[in-house]
Amino acid sequence: MESSSIQVSSSGGVKRPYRLGIALSGGGARGFAHAGALMAIEEAGLKPDVIAGVSAGSVIAVLYGAGVRPQEIPQLFSDAGFSNFAKVRIRKGGFFNPDRFCKFIMRRIEPLKMLEDLQLPVYLGVTDFDNVRPVEFHSGEIGPRMIASCSIPLVFPPVEIDGVHYVDGGLLRNHPAWIIRDKCDYLIGVNCSPIPGKFEPADSIVNVALRTYHIMLRANQIKDMEVCDLSIETPELSRYKVFDLKNITTVFTSGYIHTRRALRQAGLWKTADTNPDTEK
């Protein structure tokens, strides 16, 4: 089924540039659920016309927009840990240097360097740290803009672009539906930041800080989830920590199963039922 077959409610006669949009939330390593969601969307016969991402969602959006297949994304990270991508370097603004991660992603999508070079229109949500406002990028150099979208305050330093400092888009808007809601007729939103699991007193200071951060993210993404035509969430992701790269396959599968189920319930799954057991 092509995206053009999606039933769209009246938009008051407003002509929008895209038919089907996908919005991917932030969530750290839980973001691999987005790759599973995209695989389910493709299997349903849907073809996204535009994609927006924030934080972890921005990484998946860039890879997908560059033509990396959803099922290939977890494989890229299968033998890696957090230390492979972020070097400890306590400096002004953050504890870790994300340069390794940026180079890792950019090598995978060579020779693409600019957002406008991607195969699919990609919008990245970031936080303007200087002026305290959510903004988006859909053009310019991919590397710094993607890293800015992922730069959790204190963990990573702010990224300076054209004289302005940017940090994780999730700080103010952890769900990028606001970026493309008025640009597409039908919007599917995928949230990989469910309410955090039970607090453990033995957690480290870093884990306490991250839990606090993700509670805040949850609060600021509710409105964006509500404006999506179809909003998908994977509750069990709350058991995984933001930098946990040991459960990539499980997280990917969870995103796939929940998205598949949601698409079928919404009447958007029109292709042959090739893998029905995943919903049992």
# chains A, B, ... in the order shown; residues from 1 in each chain; ligands from 1
>>> residues_around(residues="Val68 in chain A", least_positions_apart="2", cutoff="12 Å", atoms="only C-alpha atoms", output="PyMOL selection string")
chain A and resi 35+38-39+59-66+70-76+105+108-110+118-120
>>> residues_around(residues="Glu160 in chain A", least_positions_apart="3", cutoff="9 Å", atoms="only C-alpha atoms", output="ChimeraX atom specification")
/A:144,148,163-166
>>> write_last_selection(atoms="N, CA, C and O atoms", output="compact mmCIF listing (two decimals), in the first residue's frame")
# COMPACT_ATOMS: atom_id res chain seq x y z
N PRO A 144 27.15 17.97 12.97
CA PRO A 144 26.92 18.81 14.15
C PRO A 144 25.45 18.95 14.52
O PRO A 144 25.11 19.03 15.71
N ALA A 148 24.01 17.75 18.02
CA ALA A 148 23.33 18.74 18.86
C ALA A 148 22.01 18.19 19.36
O ALA A 148 21.65 18.35 20.53
N GLY A 163 27.39 30.33 15.73
CA GLY A 163 27.42 31.24 16.87
C GLY A 163 26.37 30.99 17.94
O GLY A 163 26.30 31.71 18.94
N VAL A 164 25.53 29.96 17.76
CA VAL A 164 24.48 29.65 18.73
C VAL A 164 24.76 28.27 19.32
O VAL A 164 25.20 27.36 18.63
N HIS A 165 24.49 28.10 20.62
CA HIS A 165 24.73 26.83 21.28
C HIS A 165 23.44 26.01 21.34
O HIS A 165 22.38 26.53 21.71
N TYR A 166 23.57 24.73 20.97
CA TYR A 166 22.41 23.85 20.94
C TYR A 166 22.66 22.61 21.79
O TYR A 166 23.80 22.12 21.89
>>> residues_around(residues="Ser238 in chain A", least_positions_apart="2", cutoff="12 Å", atoms="only C-alpha atoms", output="ChimeraX atom specification")
/A:27-31,33,191-199,211,214-215,218,233-236,240-242,244,251,254
>>> atom_distance(atom1="CA of Cys228 in chain A", atom2="CA of Lys183 in chain A")
12.2 Å
>>> select_by_dssp(residues="range 102-238 of chain A", states="helix (DSSP H, G or I)", output="VMD selection string")
chain A and resid 102 to 108 115 to 117 142 to 150 169 to 171 177 to 183 205 to 226 235 to 238
>>> residues_around(residues="Asp49 in chain A", least_positions_apart="6", cutoff="6 Å", atoms="only C-alpha atoms", output="MDAnalysis selection string")
chainID A and resid 18 20:21
>>> atom_distance(atom1="CA of Arg181 in chain A", atom2="CA of Ala262 in chain A")
19.5 Å
>>> select_by_dssp(residues="range 28-257 of chain A", states="strand (DSSP E or B)", output="PyMOL selection string")
chain A and resi 50-54+87-91+94-97+114+122-128+133-137+141+153-154+156+159-161+164-168+184-191+230-233
>>> closest_residue(among="A:Ile152, A:Ile180, A:Val122, A:Leu171", to="Leu217 in chain A", atoms="only C-alpha atoms")
A:Leu171
>>> atom_distance(atom1="CA of Asn174 in chain A", atom2="CA of Ser151 in chain A")
12.5 Å
>>> residues_around(residues="range 133-139 of chain A", least_positions_apart="5", cutoff="9 Å", atoms="only C-alpha atoms", output="ChimeraX atom specification")
/A:114-117,121-128,145,169-173,176,179
>>> write_last_selection(atoms="N, CA, C and O atoms", output="PDB file, in the first residue's frame")
ATOM      1  N   MET A 114      25.323  16.700   3.885  1.00  0.00           N
ATOM      2  CA  MET A 114      24.329  17.723   4.185  1.00  0.00           C
ATOM      3  C   MET A 114      22.943  17.094   4.322  1.00  0.00           C
ATOM      4  O   MET A 114      22.626  16.111   3.647  1.00  0.00           O
ATOM      5  N   LEU A 115      22.122  17.675   5.169  1.00  0.00           N
ATOM      6  CA  LEU A 115      20.767  17.159   5.349  1.00  0.00           C
ATOM      7  C   LEU A 115      19.995  17.167   4.031  1.00  0.00           C
ATOM      8  O   LEU A 115      19.223  16.245   3.755  1.00  0.00           O
ATOM      9  N   GLU A 116      20.222  18.174   3.223  1.00  0.00           N
ATOM     10  CA  GLU A 116      19.495  18.257   1.958  1.00  0.00           C
ATOM     11  C   GLU A 116      19.973  17.231   0.941  1.00  0.00           C
ATOM     12  O   GLU A 116      19.347  17.066  -0.120  1.00  0.00           O
ATOM     13  N   ASP A 117      21.058  16.511   1.254  1.00  0.00           N
ATOM     14  CA  ASP A 117      21.550  15.450   0.363  1.00  0.00           C
ATOM     15  C   ASP A 117      20.869  14.103   0.624  1.00  0.00           C
ATOM     16  O   ASP A 117      21.017  13.170  -0.173  1.00  0.00           O
ATOM     17  N   PRO A 121      13.381  13.765   2.968  1.00  0.00           N
ATOM     18  CA  PRO A 121      13.463  14.987   3.766  1.00  0.00           C
ATOM     19  C   PRO A 121      13.517  14.636   5.259  1.00  0.00           C
ATOM     20  O   PRO A 121      12.665  13.899   5.764  1.00  0.00           O
ATOM     21  N   VAL A 122      14.526  15.145   5.948  1.00  0.00           N
ATOM     22  CA  VAL A 122      14.732  14.842   7.361  1.00  0.00           C
ATOM     23  C   VAL A 122      14.796  16.143   8.157  1.00  0.00           C
ATOM     24  O   VAL A 122      15.531  17.065   7.801  1.00  0.00           O
ATOM     25  N   TYR A 123      14.018  16.192   9.233  1.00  0.00           N
ATOM     26  CA  TYR A 123      13.997  17.344  10.134  1.00  0.00           C
ATOM     27  C   TYR A 123      14.500  16.903  11.506  1.00  0.00           C
ATOM     28  O   TYR A 123      14.063  15.874  12.030  1.00  0.00           O
ATOM     29  N   LEU A 124      15.411  17.679  12.084  1.00  0.00           N
ATOM     30  CA  LEU A 124      15.987  17.339  13.388  1.00  0.00           C
ATOM     31  C   LEU A 124      15.593  18.387  14.418  1.00  0.00           C
ATOM     32  O   LEU A 124      15.786  19.596  14.208  1.00  0.00           O
ATOM     33  N   GLY A 125      15.062  17.934  15.539  1.00  0.00           N
ATOM     34  CA  GLY A 125      14.673  18.837  16.607  1.00  0.00           C
ATOM     35  C   GLY A 125      15.817  19.050  17.585  1.00  0.00           C
ATOM     36  O   GLY A 125      16.449  18.095  18.032  1.00  0.00           O
ATOM     37  N   VAL A 126      16.096  20.305  17.918  1.00  0.00           N
ATOM     38  CA  VAL A 126      17.146  20.647  18.872  1.00  0.00           C
ATOM     39  C   VAL A 126      16.623  21.721  19.820  1.00  0.00           C
ATOM     40  O   VAL A 126      15.552  22.294  19.595  1.00  0.00           O
ATOM     41  N   THR A 127      17.403  21.983  20.865  1.00  0.00           N
ATOM     42  CA  THR A 127      17.070  23.063  21.793  1.00  0.00           C
ATOM     43  C   THR A 127      18.106  24.170  21.653  1.00  0.00           C
ATOM     44  O   THR A 127      19.310  23.924  21.792  1.00  0.00           O
ATOM     45  N   ASP A 128      17.645  25.361  21.352  1.00  0.00           N
ATOM     46  CA  ASP A 128      18.508  26.537  21.332  1.00  0.00           C
ATOM     47  C   ASP A 128      18.795  26.888  22.785  1.00  0.00           C
ATOM     48  O   ASP A 128      17.937  27.409  23.495  1.00  0.00           O
ATOM     49  N   ARG A 145      24.571  18.940  13.545  1.00  0.00           N
ATOM     50  CA  ARG A 145      23.142  19.094  13.839  1.00  0.00           C
ATOM     51  C   ARG A 145      22.567  17.836  14.466  1.00  0.00           C
ATOM     52  O   ARG A 145      21.749  17.906  15.385  1.00  0.00           O
ATOM     53  N   GLY A 169      17.357  18.099  21.781  1.00  0.00           N
ATOM     54  CA  GLY A 169      16.032  18.617  21.491  1.00  0.00           C
ATOM     55  C   GLY A 169      14.985  18.195  22.501  1.00  0.00           C
ATOM     56  O   GLY A 169      13.967  18.861  22.688  1.00  0.00           O
ATOM     57  N   GLY A 170      15.256  17.068  23.196  1.00  0.00           N
ATOM     58  CA  GLY A 170      14.299  16.576  24.175  1.00  0.00           C
ATOM     59  C   GLY A 170      14.175  17.443  25.407  1.00  0.00           C
ATOM     60  O   GLY A 170      13.231  17.285  26.183  1.00  0.00           O
ATOM     61  N   LEU A 171      15.101  18.356  25.608  1.00  0.00           N
ATOM     62  CA  LEU A 171      15.047  19.223  26.786  1.00  0.00           C
ATOM     63  C   LEU A 171      13.747  20.006  26.841  1.00  0.00           C
ATOM     64  O   LEU A 171      13.165  20.196  27.911  1.00  0.00           O
ATOM     65  N   LEU A 172      13.259  20.451  25.670  1.00  0.00           N
ATOM     66  CA  LEU A 172      12.003  21.195  25.613  1.00  0.00           C
ATOM     67  C   LEU A 172      10.894  20.448  24.877  1.00  0.00           C
ATOM     68  O   LEU A 172       9.731  20.548  25.258  1.00  0.00           O
ATOM     69  N   ARG A 173      11.259  19.694  23.818  1.00  0.00           N
ATOM     70  CA  ARG A 173      10.255  18.952  23.045  1.00  0.00           C
ATOM     71  C   ARG A 173      10.862  17.610  22.660  1.00  0.00           C
ATOM     72  O   ARG A 173      11.605  17.516  21.688  1.00  0.00           O
ATOM     73  N   PRO A 176       9.080  15.091  18.081  1.00  0.00           N
ATOM     74  CA  PRO A 176       9.144  16.098  17.012  1.00  0.00           C
ATOM     75  C   PRO A 176       7.900  16.261  16.159  1.00  0.00           C
ATOM     76  O   PRO A 176       7.967  16.801  15.056  1.00  0.00           O
ATOM     77  N   ILE A 179       7.235  19.620  14.566  1.00  0.00           N
ATOM     78  CA  ILE A 179       8.031  20.089  13.439  1.00  0.00           C
ATOM     79  C   ILE A 179       7.330  19.846  12.100  1.00  0.00           C
ATOM     80  O   ILE A 179       7.362  20.691  11.205  1.00  0.00           O
TER      81      ILE A 179
END
>>> closest_residue(among="A:Phe77, A:Val50, A:Ala266, A:Glu43", to="Thr249 in chain A", atoms="only C-alpha atoms")
A:Phe77
